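Enquirer: As input, take upload13.pdb (PDB, C-alpha atoms and all ligand atoms):
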```pdb
ATOM      1  CA  MET A  16       0.000   0.000   0.000  1.00  0.00           C
ATOM      2  CA  ALA A  17       2.518   2.640  -1.148  1.00  0.00           C
ATOM      3  CA  VAL A  18       0.715   5.938  -1.118  1.00  0.00           C
ATOM      4  CA  THR A  19       1.856   9.543  -1.248  1.00  0.00           C
ATOM      5  CA  ILE A  20       1.214  11.389   1.981  1.00  0.00           C
ATOM      6  CA  LEU A  21       1.541  15.135   2.393  1.00  0.00           C
ATOM      7  CA  VAL A  22       2.559  16.160   5.899  1.00  0.00           C
ATOM      8  CA  VAL A  23       1.672  19.768   6.725  1.00  0.00           C
ATOM      9  CA  GLU A  24       3.347  20.484  10.044  1.00  0.00           C
ATOM     10  CA  ASP A  25       5.493  23.426  11.135  1.00  0.00           C
ATOM     11  CA  GLU A  26       7.223  21.764  14.096  1.00  0.00           C
ATOM     12  CA  PRO A  27      10.433  20.207  12.681  1.00  0.00           C
ATOM     13  CA  ALA A  28      10.701  17.477  15.349  1.00  0.00           C
ATOM     14  CA  ILE A  29       7.164  16.222  14.732  1.00  0.00           C
ATOM     15  CA  GLN A  30       7.552  16.497  10.968  1.00  0.00           C
ATOM     16  CA  GLU A  31      10.717  14.393  11.226  1.00  0.00           C
ATOM     17  CA  LEU A  32       9.090  11.787  13.470  1.00  0.00           C
ATOM     18  CA  ILE A  33       6.151  11.390  11.093  1.00  0.00           C
ATOM     19  CA  THR A  34       8.324  11.293   7.967  1.00  0.00           C
ATOM     20  CA  VAL A  35      10.656   8.607   9.317  1.00  0.00           C
ATOM     21  CA  ASN A  36       7.761   6.388  10.325  1.00  0.00           C
ATOM     22  CA  LEU A  37       5.786   6.815   7.118  1.00  0.00           C
ATOM     23  CA  LYS A  38       8.837   6.063   4.980  1.00  0.00           C
ATOM     24  CA  ARG A  39       9.547   2.977   7.050  1.00  0.00           C
ATOM     25  CA  THR A  40       6.030   1.776   6.232  1.00  0.00           C
ATOM     26  CA  GLY A  41       6.768   2.231   2.529  1.00  0.00           C
ATOM     27  CA  HIS A  42       4.862   5.450   1.941  1.00  0.00           C
ATOM     28  CA  MET A  43       6.104   8.352  -0.123  1.00  0.00           C
ATOM     29  CA  VAL A  44       6.223  11.551   1.908  1.00  0.00           C
ATOM     30  CA  LEU A  45       5.966  15.215   0.962  1.00  0.00           C
ATOM     31  CA  CYS A  46       6.498  17.842   3.657  1.00  0.00           C
ATOM     32  CA  ALA A  47       5.282  21.386   4.002  1.00  0.00           C
ATOM     33  CA  ASP A  48       5.606  23.700   6.992  1.00  0.00           C
ATOM     34  CA  SER A  49       2.841  26.075   5.981  1.00  0.00           C
ATOM     35  CA  ALA A  50      -0.451  26.001   4.117  1.00  0.00           C
ATOM     36  CA  GLU A  51       1.079  28.091   1.360  1.00  0.00           C
ATOM     37  CA  GLN A  52       3.889  25.603   0.806  1.00  0.00           C
ATOM     38  CA  ALA A  53       1.395  22.739   0.937  1.00  0.00           C
ATOM     39  CA  LYS A  54      -0.650  24.412  -1.782  1.00  0.00           C
ATOM     40  CA  LEU A  55       2.416  24.692  -4.043  1.00  0.00           C
ATOM     41  CA  LEU A  56       3.246  21.017  -3.527  1.00  0.00           C
ATOM     42  CA  ILE A  57      -0.334  19.970  -4.229  1.00  0.00           C
ATOM     43  CA  ASN A  58      -0.277  21.935  -7.486  1.00  0.00           C
ATOM     44  CA  ASN A  59       2.488  19.605  -8.636  1.00  0.00           C
ATOM     45  CA  VAL A  60       1.527  16.291  -7.100  1.00  0.00           C
ATOM     46  CA  LEU A  61      -1.865  15.309  -5.804  1.00  0.00           C
ATOM     47  CA  PRO A  62      -1.261  13.367  -2.575  1.00  0.00           C
ATOM     48  CA  ASP A  63      -3.375  10.346  -1.616  1.00  0.00           C
ATOM     49  CA  LEU A  64      -3.759  11.604   1.932  1.00  0.00           C
ATOM     50  CA  VAL A  65      -2.981  14.782   3.905  1.00  0.00           C
ATOM     51  CA  LEU A  66      -1.807  14.858   7.523  1.00  0.00           C
ATOM     52  CA  LEU A  67      -2.680  18.355   8.586  1.00  0.00           C
ATOM     53  CA  ASP A  68      -1.580  20.161  11.709  1.00  0.00           C
ATOM     54  CA  TRP A  69      -4.257  22.302  13.326  1.00  0.00           C
ATOM     55  CA  MET A  70      -1.926  25.203  14.201  1.00  0.00           C
ATOM     56  CA  LEU A  71       0.019  26.462  11.204  1.00  0.00           C
ATOM     57  CA  PRO A  72       1.905  29.761  10.839  1.00  0.00           C
ATOM     58  CA  ASP A  73      -0.208  31.194   8.028  1.00  0.00           C
ATOM     59  CA  VAL A  74      -3.779  29.873   8.064  1.00  0.00           C
ATOM     60  CA  THR A  75      -5.232  27.322  10.469  1.00  0.00           C
ATOM     61  CA  GLY A  76      -5.348  23.678   9.471  1.00  0.00           C
ATOM     62  CA  LEU A  77      -9.098  23.956   9.755  1.00  0.00           C
ATOM     63  CA  GLU A  78      -9.246  26.702   7.132  1.00  0.00           C
ATOM     64  CA  PHE A  79      -6.831  24.820   4.882  1.00  0.00           C
ATOM     65  CA  ALA A  80      -9.008  21.686   5.118  1.00  0.00           C
ATOM     66  CA  ARG A  81     -12.009  23.790   4.030  1.00  0.00           C
ATOM     67  CA  ARG A  82     -10.055  25.121   1.053  1.00  0.00           C
ATOM     68  CA  LEU A  83      -9.088  21.600  -0.022  1.00  0.00           C
ATOM     69  CA  ARG A  84     -12.720  20.510   0.185  1.00  0.00           C
ATOM     70  CA  ARG A  85     -13.894  23.485  -1.866  1.00  0.00           C
ATOM     71  CA  GLU A  86     -11.698  22.727  -4.868  1.00  0.00           C
ATOM     72  CA  GLU A  87     -12.718  20.118  -7.406  1.00  0.00           C
ATOM     73  CA  ARG A  88      -9.229  18.667  -7.723  1.00  0.00           C
ATOM     74  CA  THR A  89      -8.614  18.254  -3.990  1.00  0.00           C
ATOM     75  CA  LYS A  90     -12.083  17.791  -2.536  1.00  0.00           C
ATOM     76  CA  ALA A  91     -11.826  14.007  -2.221  1.00  0.00           C
ATOM     77  CA  ILE A  92      -8.375  13.765  -0.591  1.00  0.00           C
ATOM     78  CA  PRO A  93      -8.610  12.068   2.809  1.00  0.00           C
ATOM     79  CA  ILE A  94      -7.486  14.410   5.591  1.00  0.00           C
ATOM     80  CA  ILE A  95      -6.286  13.484   9.065  1.00  0.00           C
ATOM     81  CA  MET A  96      -5.908  16.417  11.445  1.00  0.00           C
ATOM     82  CA  LEU A  97      -3.047  16.540  13.929  1.00  0.00           C
ATOM     83  CA  THR A  98      -4.083  18.408  16.998  1.00  0.00           C
ATOM     84  CA  ALA A  99      -3.228  19.127  20.583  1.00  0.00           C
ATOM     85  CA  ARG A 100      -6.822  20.166  21.090  1.00  0.00           C
ATOM     86  CA  ILE A 101      -9.224  17.634  22.415  1.00  0.00           C
ATOM     87  CA  GLN A 102     -12.278  19.790  22.979  1.00  0.00           C
ATOM     88  CA  GLU A 103     -15.507  18.343  21.688  1.00  0.00           C
ATOM     89  CA  ASN A 104     -16.272  21.583  19.818  1.00  0.00           C
ATOM     90  CA  ASP A 105     -12.947  21.444  18.024  1.00  0.00           C
ATOM     91  CA  LYS A 106     -13.590  17.909  16.872  1.00  0.00           C
ATOM     92  CA  ILE A 107     -16.937  18.897  15.489  1.00  0.00           C
ATOM     93  CA  ALA A 108     -15.449  21.953  13.738  1.00  0.00           C
ATOM     94  CA  GLY A 109     -12.805  19.722  12.188  1.00  0.00           C
ATOM     95  CA  LEU A 110     -15.291  17.157  10.976  1.00  0.00           C
ATOM     96  CA  GLU A 111     -17.441  19.892   9.514  1.00  0.00           C
ATOM     97  CA  ALA A 112     -14.403  21.264   7.690  1.00  0.00           C
ATOM     98  CA  GLY A 113     -14.035  17.862   6.077  1.00  0.00           C
ATOM     99  CA  ALA A 114     -11.459  15.991   8.176  1.00  0.00           C
ATOM    100  CA  ASP A 115     -11.740  12.191   8.087  1.00  0.00           C
ATOM    101  CA  ASP A 116     -10.064  11.578  11.409  1.00  0.00           C
ATOM    102  CA  TYR A 117      -7.975  13.092  14.210  1.00  0.00           C
ATOM    103  CA  ILE A 118      -4.746  12.282  15.872  1.00  0.00           C
ATOM    104  CA  THR A 119      -4.200  14.003  19.178  1.00  0.00           C
ATOM    105  CA  LYS A 120      -0.643  15.003  20.070  1.00  0.00           C
ATOM    106  CA  PRO A 121       1.378  13.390  21.511  1.00  0.00           C
ATOM    107  CA  PHE A 122       0.799  10.221  19.511  1.00  0.00           C
ATOM    108  CA  SER A 123       2.744   7.019  18.987  1.00  0.00           C
ATOM    109  CA  PRO A 124       4.019   5.988  15.553  1.00  0.00           C
ATOM    110  CA  ARG A 125       1.870   2.852  15.826  1.00  0.00           C
ATOM    111  CA  GLU A 126      -1.280   4.890  16.308  1.00  0.00           C
ATOM    112  CA  LEU A 127      -0.340   7.142  13.394  1.00  0.00           C
ATOM    113  CA  ILE A 128       0.168   4.199  11.030  1.00  0.00           C
ATOM    114  CA  ALA A 129      -2.979   2.421  12.219  1.00  0.00           C
ATOM    115  CA  ARG A 130      -5.147   5.499  11.711  1.00  0.00           C
ATOM    116  CA  ILE A 131      -3.735   6.177   8.265  1.00  0.00           C
ATOM    117  CA  LYS A 132      -4.397   2.585   7.317  1.00  0.00           C
ATOM    118  CA  ALA A 133      -7.971   2.739   8.572  1.00  0.00           C
ATOM    119  CA  VAL A 134      -8.728   5.976   6.708  1.00  0.00           C
ATOM    120  CA  LEU A 135      -7.187   4.666   3.483  1.00  0.00           C
ATOM    121  CA  ARG A 136      -9.114   1.409   3.713  1.00  0.00           C
ATOM    122  CA  ARG A 137     -12.348   3.328   4.161  1.00  0.00           C
ATOM    123  CA  ARG A 138     -11.752   6.129   1.691  1.00  0.00           C
ATOM    124  CA  LEU A 139      -9.445   4.581  -0.928  1.00  0.00           C
ATOM    125  CA  PRO A 140     -10.027   0.821  -0.901  1.00  0.00           C
ATOM    126  CA  GLU A 141      -8.203   0.504  -4.236  1.00  0.00           C
ATOM    127  CA  MET A 142      -5.025   1.610  -2.423  1.00  0.00           C
ATOM    128  CA  ALA A 143      -5.237  -1.262   0.028  1.00  0.00           C
ATOM    129  CA  ASP A 144      -3.411  -4.502  -0.678  1.00  0.00           C
ATOM    130  CA  ASP A 145      -6.419  -6.559   0.333  1.00  0.00           C
ATOM    131  CA  ILE A 146      -7.269  -9.508  -1.893  1.00  0.00           C
ATOM    132  CA  ILE A 147     -10.739  -9.016  -3.364  1.00  0.00           C
ATOM    133  CA  GLU A 148     -13.010 -11.966  -4.158  1.00  0.00           C
ATOM    134  CA  LEU A 149     -16.194 -11.138  -6.002  1.00  0.00           C
ATOM    135  CA  GLY A 150     -18.422 -12.793  -8.558  1.00  0.00           C
ATOM    136  CA  GLY A 151     -16.040 -15.732  -8.909  1.00  0.00           C
ATOM    137  CA  LEU A 152     -12.995 -13.522  -9.507  1.00  0.00           C
ATOM    138  CA  ARG A 153     -10.084 -13.297  -7.125  1.00  0.00           C
ATOM    139  CA  LEU A 154      -7.861 -10.236  -7.531  1.00  0.00           C
ATOM    140  CA  ASP A 155      -4.567  -9.987  -5.673  1.00  0.00           C
ATOM    141  CA  PRO A 156      -3.102  -6.430  -5.715  1.00  0.00           C
ATOM    142  CA  THR A 157       0.256  -7.606  -4.369  1.00  0.00           C
ATOM    143  CA  THR A 158       0.972 -10.121  -7.110  1.00  0.00           C
ATOM    144  CA  HIS A 159      -1.092  -8.290  -9.768  1.00  0.00           C
ATOM    145  CA  ARG A 160      -2.893 -11.517 -10.563  1.00  0.00           C
ATOM    146  CA  VAL A 161      -6.515 -12.318 -11.250  1.00  0.00           C
ATOM    147  CA  HIS A 162      -7.932 -15.820 -11.044  1.00  0.00           C
ATOM    148  CA  VAL A 163     -11.305 -17.299 -11.793  1.00  0.00           C
ATOM    149  CA  CYS A 164     -12.453 -19.493  -8.964  1.00  0.00           C
ATOM    150  CA  SER A 165     -14.341 -22.410 -10.369  1.00  0.00           C
ATOM    151  CA  ASN A 166     -16.785 -24.280  -8.166  1.00  0.00           C
ATOM    152  CA  ASP A 167     -16.043 -27.503  -9.998  1.00  0.00           C
ATOM    153  CA  GLU A 168     -12.304 -27.337  -9.472  1.00  0.00           C
ATOM    154  CA  PRO A 169     -11.611 -24.972  -6.568  1.00  0.00           C
ATOM    155  CA  SER A 170      -8.034 -26.196  -6.276  1.00  0.00           C
ATOM    156  CA  ARG A 171      -7.146 -25.220  -9.821  1.00  0.00           C
ATOM    157  CA  PRO A 172      -8.161 -21.618 -10.470  1.00  0.00           C
ATOM    158  CA  THR A 173      -7.680 -20.275 -13.988  1.00  0.00           C
ATOM    159  CA  GLU A 174      -5.482 -17.222 -14.302  1.00  0.00           C
ATOM    160  CA  VAL A 175      -6.831 -14.287 -16.262  1.00  0.00           C
ATOM    161  CA  SER A 176      -4.112 -12.363 -18.042  1.00  0.00           C
ATOM    162  CA  LEU A 177      -4.674  -8.587 -17.951  1.00  0.00           C
ATOM    163  CA  GLY A 178      -2.609  -5.627 -19.132  1.00  0.00           C
ATOM    164  CA  PRO A 179      -1.587  -3.077 -16.473  1.00  0.00           C
ATOM    165  CA  THR A 180      -4.359  -0.581 -17.292  1.00  0.00           C
ATOM    166  CA  GLU A 181      -7.063  -3.249 -17.410  1.00  0.00           C
ATOM    167  CA  PHE A 182      -5.777  -4.592 -14.088  1.00  0.00           C
ATOM    168  CA  ARG A 183      -5.973  -1.161 -12.415  1.00  0.00           C
ATOM    169  CA  LEU A 184      -9.385  -0.563 -13.908  1.00  0.00           C
ATOM    170  CA  LEU A 185     -10.713  -3.908 -12.696  1.00  0.00           C
ATOM    171  CA  HIS A 186      -9.135  -3.384  -9.261  1.00  0.00           C
ATOM    172  CA  PHE A 187     -10.761   0.028  -8.922  1.00  0.00           C
ATOM    173  CA  LEU A 188     -14.182  -1.204 -10.053  1.00  0.00           C
ATOM    174  CA  MET A 189     -14.029  -4.215  -7.725  1.00  0.00           C
ATOM    175  CA  ALA A 190     -12.868  -2.088  -4.767  1.00  0.00           C
ATOM    176  CA  TYR A 191     -16.027   0.017  -5.203  1.00  0.00           C
ATOM    177  CA  LYS A 192     -18.372  -2.781  -6.195  1.00  0.00           C
ATOM    178  CA  GLU A 193     -21.923  -1.834  -7.176  1.00  0.00           C
ATOM    179  CA  ARG A 194     -20.970   1.838  -7.394  1.00  0.00           C
ATOM    180  CA  VAL A 195     -21.326   3.647 -10.700  1.00  0.00           C
ATOM    181  CA  HIS A 196     -18.360   5.704 -11.904  1.00  0.00           C
ATOM    182  CA  THR A 197     -18.396   8.263 -14.669  1.00  0.00           C
ATOM    183  CA  ARG A 198     -15.686   8.208 -17.321  1.00  0.00           C
ATOM    184  CA  ALA A 199     -14.196  11.387 -15.797  1.00  0.00           C
ATOM    185  CA  GLN A 200     -14.036   9.757 -12.355  1.00  0.00           C
ATOM    186  CA  LEU A 201     -12.352   6.676 -13.773  1.00  0.00           C
ATOM    187  CA  LEU A 202      -9.809   8.821 -15.634  1.00  0.00           C
ATOM    188  CA  ASP A 203      -9.011  10.700 -12.424  1.00  0.00           C
ATOM    189  CA  ARG A 204      -8.720   7.691 -10.178  1.00  0.00           C
ATOM    190  CA  VAL A 205      -7.364   4.982 -12.471  1.00  0.00           C
ATOM    191  CA  TRP A 206      -5.233   6.935 -14.949  1.00  0.00           C
ATOM    192  CA  GLY A 207      -4.243   9.588 -12.426  1.00  0.00           C
ATOM    193  CA  ASP A 208      -4.164  13.274 -11.882  1.00  0.00           C
ATOM    194  CA  HIS A 209      -2.866  15.695 -14.532  1.00  0.00           C
ATOM    195  CA  VAL A 210      -3.464  13.172 -17.275  1.00  0.00           C
ATOM    196  CA  PHE A 211      -5.056  14.671 -20.322  1.00  0.00           C
ATOM    197  CA  ILE A 212      -6.724  11.957 -22.309  1.00  0.00           C
ATOM    198  CA  GLU A 213     -10.158  11.635 -23.793  1.00  0.00           C
ATOM    199  CA  ASP A 214     -13.141  10.056 -22.106  1.00  0.00           C
ATOM    200  CA  ARG A 215     -13.433   7.481 -24.840  1.00  0.00           C
ATOM    201  CA  THR A 216     -10.060   6.024 -23.781  1.00  0.00           C
ATOM    202  CA  VAL A 217     -12.021   4.625 -20.842  1.00  0.00           C
ATOM    203  CA  ASP A 218     -14.450   2.929 -23.229  1.00  0.00           C
ATOM    204  CA  VAL A 219     -11.572   1.361 -25.152  1.00  0.00           C
ATOM    205  CA  HIS A 220     -10.090  -0.163 -22.008  1.00  0.00           C
ATOM    206  CA  ILE A 221     -13.480  -1.271 -20.700  1.00  0.00           C
ATOM    207  CA  ARG A 222     -14.036  -3.083 -24.003  1.00  0.00           C
ATOM    208  CA  ARG A 223     -10.628  -4.759 -23.709  1.00  0.00           C
ATOM    209  CA  LEU A 224     -11.335  -5.745 -20.126  1.00  0.00           C
ATOM    210  CA  ARG A 225     -14.720  -7.223 -21.066  1.00  0.00           C
ATOM    211  CA  LYS A 226     -13.211  -9.149 -23.935  1.00  0.00           C
ATOM    212  CA  ILE A 227     -10.686 -10.745 -21.609  1.00  0.00           C
ATOM    213  CA  LEU A 228     -13.382 -11.503 -19.030  1.00  0.00           C
ATOM    214  CA  GLU A 229     -15.567 -12.936 -21.790  1.00  0.00           C
ATOM    215  CA  SER A 230     -12.964 -15.667 -22.356  1.00  0.00           C
ATOM    216  CA  VAL A 231     -13.760 -16.936 -18.852  1.00  0.00           C
ATOM    217  CA  GLY A 232     -17.485 -16.175 -19.005  1.00  0.00           C
ATOM    218  CA  LYS A 233     -17.309 -13.205 -16.615  1.00  0.00           C
ATOM    219  CA  GLU A 234     -17.963 -10.258 -18.939  1.00  0.00           C
ATOM    220  CA  ASN A 235     -21.307  -9.457 -17.274  1.00  0.00           C
ATOM    221  CA  LEU A 236     -19.543  -8.347 -14.091  1.00  0.00           C
ATOM    222  CA  VAL A 237     -18.442  -5.106 -15.756  1.00  0.00           C
ATOM    223  CA  GLN A 238     -21.632  -3.275 -16.593  1.00  0.00           C
ATOM    224  CA  THR A 239     -22.498  -0.176 -18.563  1.00  0.00           C
ATOM    225  CA  VAL A 240     -24.930   2.166 -16.881  1.00  0.00           C
ATOM    226  CA  ARG A 241     -26.399   4.082 -19.768  1.00  0.00           C
ATOM    227  CA  GLY A 242     -25.789   7.802 -19.700  1.00  0.00           C
ATOM    228  CA  THR A 243     -23.642   7.527 -16.580  1.00  0.00           C
ATOM    229  CA  GLY A 244     -20.669   5.211 -16.728  1.00  0.00           C
ATOM    230  CA  TYR A 245     -19.563   1.820 -15.515  1.00  0.00           C
ATOM    231  CA  ARG A 246     -19.783  -0.409 -12.490  1.00  0.00           C
ATOM    232  CA  PHE A 247     -18.698  -3.807 -11.250  1.00  0.00           C
ATOM    233  CA  SER A 248     -21.729  -5.728 -10.126  1.00  0.00           C
ATOM    234  CA  VAL A 249     -22.453  -9.296  -9.196  1.00  0.00           C
ATOM    235  CA  GLU A 250     -26.139  -8.680  -9.888  1.00  0.00           C
ATOM    236  CA  CYS A 251     -27.287  -9.311 -13.428  1.00  0.00           C
ATOM    237  CA  SER A 252     -28.270  -6.242 -15.362  1.00  0.00           C
ATOM    238  CA  GLU A 253     -30.407  -5.645 -18.427  1.00  0.00           C
ATOM    239  CA  GLU A 254     -27.961  -2.949 -19.435  1.00  0.00           C
ATOM    240  CA  SER A 255     -24.876  -5.056 -19.107  1.00  0.00           C
ATOM    241  CA  ILE A 256     -24.288  -5.362 -22.825  1.00  0.00           C
ATOM    242  CA  GLY A 257     -22.716  -2.026 -23.630  1.00  0.00           C
TER
HETATM  243 CA    CA B 301       1.878  23.583  14.584  1.00  0.00          CA
END
```
Would you give me this structure, written as structure tokens?
Ligand code: CA
Expert:
Amino acid sequence: MAVTILVVEDEPAIQELITVNLKRTGHMVLCADSAEQAKLLINNVLPDLVLLDWMLPDVTGLEFARRLRREERTKAIPIIMLTARIQENDKIAGLEAGADDYITKPFSPRELIARIKAVLRRRLPEMADDIIELGGLRLDPTTHRVHVCSNDEPSRPTEVSLGPTEFRLLHFLMAYKERVHTRAQLLDRVWGDHVFIEDRTVDVHIRRLRKILESVGKENLVQTVRGTGYRFSVECSEESIG
């Protein structure tokens, strides 16, 4: 689960402590000591998660969280607030500003890692290394392999060979099963930020993915929702032939 985490914290000792521990866990770390610097970094690289100190030298973490939530490009980034405050009112203000969770200072590295993991699992399940089994498919993000689990021969699953884009696409759709995604959402989340390609690229890769799944009789799992986009569903759909 290697994700890019932006740490916005003006106290060097705490910034260092967090950075060392996140890197040890395999995460990529960006550091900023003010909201302004954080904004510049975000303009270049969209992080997967932001650890945001409440008290910053320029604007408060609370205000910065609100700004991130207001902008289209950053509104979905998970935010964990770092705070010495433990007042009930502060927690509510933070949640209303869009924070996903809190870590109260002082905290242990174990708590930090555990909370990040929990937020990522909830907010970005496609970033987790969890094996997903759905509709007779078994997808393993660590080995990048997909198998069809057959009821007749459970001991000998058939491997489905997917290209890297089709794998990421299938992983994303399975991680958010039954949810419908627009082409724009899929481009953002599967192809990545700052990528300028056309919506129909998504259709091309969906077609490829279906063709591969068709060879194992699983093409109906990837469904077209007319006028909206695509979803992975284990329920049969009238609209599944798209
Ligand atoms: Ca501070």
Enquirer: Check which residues fall inside 6 Å of ligand CA 301 (chain B) when counting all atoms listed in the file, and print them as a tab-separated table (two decimals) with C-alpha atoms, in the frame of the given file.
Expert:
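part22.tsv, written as the output of this step:
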```
chain	number	residue	atom	x	y	z
A	24	GLU	CA	3.35	20.48	10.04
A	25	ASP	CA	5.49	23.43	11.14
A	26	GLU	CA	7.22	21.76	14.10
A	68	ASP	CA	-1.58	20.16	11.71
A	70	MET	CA	-1.93	25.20	14.20
A	71	LEU	CA	0.02	26.46	11.20
```
Enquirer: Find the spatial neighbours of Val134 in chain A, counting only C-alpha atoms, within a cut-off of 8 Å - ignore same-chain residues fewer than 4 positions away - and output them as a ChimeraX atom specification.
Expert: /A:93,115-116,130,138-139
Enquirer: Given the PyMOL selection byres (((chain A and resi 191-207) around 9) and not hetatm) and the file above, list the residues it selects as a count of residues only.
Expert: 33
Enquirer: Is it possible to get the residues within 8 Å of (-6.1, -10.1, -13.7) (coordinates as in the file, counting all atoms listed in the file) written as a PyMOL selection string?
Expert: chain A and resi 154+159-162+174-178+181-182+185
Enquirer: Between A:Arg84, A:His42, A:His220, A:Lys120, which has the minimum distance to Val18 in chain A (counting only C-alpha atoms)?
Expert: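 Among A:Arg84, A:His42, A:His220, A:Lys120, it is A:His42 that comes nearest to Val18 in chain A.
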Enquirer: Which residue gives the smallest distance to Ile33 in chain A among A:Ala80, A:Leu127, A:Ala112, A:Ile92, with all atoms listed in the file counted?
Expert: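 Counting all atoms listed in the file, the residue closest to Ile33 in chain A is A:Leu127.
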Enquirer: Would you write out, as a PyMOL selection string, every residue that the PyMOL selection byres (((chain A and resi 129) around 12) and not hetatm) captures in this file?
Expert: chain A and resi 36-37+40+95+116-118+122-128+130-136
Enquirer: Would you place a box with edges along x, y and z of the file around all atoms of range 145-150 of chain A listed there, add 3 Å to each of its six sides, and report the centre and edge lengths in Å to one decimal, as AutoDock Vina command-line options?
Expert:
```
--center_x -12.4 --center_y -9.7 --center_z -4.1 --size_x 18.0 --size_y 12.2 --size_z 14.9
```
Enquirer: Excluding Ile20 in chain A and its own-chain neighbours fewer than 3 positions away, which residues fall within 7 Å of it when counting all atoms listed in the file? Please give them as a list in words.
Expert: His42, Met43, Val44, Leu45, Pro62, Asp63, Leu64 and Val65 of chain A
Enquirer: For the structure shown, which residues end up in the PyMOL selection byres (((chain A and resi 72-76) around 9) and not hetatm)? Put them as a VMD selection string, please?
Expert: chain A and resid 23 25 48 to 51 67 to 71 77 to 81 96 to 97 109
Enquirer: Just give me the gap between CA of Thr34 in chain A and CA of Ile57 in chain A in Å, one decimal is fine.
Expert: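 Atom-to-atom, CA of Thr34 in chain A and CA of Ile57 in chain A are spaced 17.3 Å apart.
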Enquirer: Calculate how many Å separate CA of Val22 in chain A from CA of Gln102 in chain A, rounding to one decimal.
Expert: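 Pair CA of Val22 in chain A / CA of Gln102 in chain A returns 22.9 Å.
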Enquirer: For Lys38 in chain A, which of A:Lys54, A:Thr19, A:Arg153, A:Lys233 is the closest residue, counting all atoms listed in the file?
Expert: A:Thr19
Enquirer: Rounded to one decimal in Å, what is the spacing between CA of Ile94 in chain A and CA of Thr157 in chain A?
Expert: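 That distance, rounded to one decimal, is 25.4 Å.
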Enquirer: Using all atoms listed in the file, can you tell me which of A:Val60, A:Pro121, A:Leu224, A:Glu229 comes closest to Leu32 in chain A?
Expert: A:Pro121
Enquirer: Around the point (-15.0, -5.1, -20.3), in the coordinates given by the file, pick out the residues reaching within 9 Å, counting only C-alpha atoms, and return them as a tab-separated table (two decimals) with C-alpha atoms, in the coordinates of the input.
Expert:
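In the end it all went to part-v8.tsv:
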```
chain	number	residue	atom	x	y	z
A	181	GLU	CA	-7.06	-3.25	-17.41
A	185	LEU	CA	-10.71	-3.91	-12.70
A	218	ASP	CA	-14.45	2.93	-23.23
A	219	VAL	CA	-11.57	1.36	-25.15
A	220	HIS	CA	-10.09	-0.16	-22.01
A	221	ILE	CA	-13.48	-1.27	-20.70
A	222	ARG	CA	-14.04	-3.08	-24.00
A	223	ARG	CA	-10.63	-4.76	-23.71
A	224	LEU	CA	-11.34	-5.74	-20.13
A	225	ARG	CA	-14.72	-7.22	-21.07
A	226	LYS	CA	-13.21	-9.15	-23.94
A	227	ILE	CA	-10.69	-10.74	-21.61
A	228	LEU	CA	-13.38	-11.50	-19.03
A	229	GLU	CA	-15.57	-12.94	-21.79
A	234	GLU	CA	-17.96	-10.26	-18.94
A	235	ASN	CA	-21.31	-9.46	-17.27
A	236	LEU	CA	-19.54	-8.35	-14.09
A	237	VAL	CA	-18.44	-5.11	-15.76
A	238	GLN	CA	-21.63	-3.28	-16.59
A	257	GLY	CA	-22.72	-2.03	-23.63
```
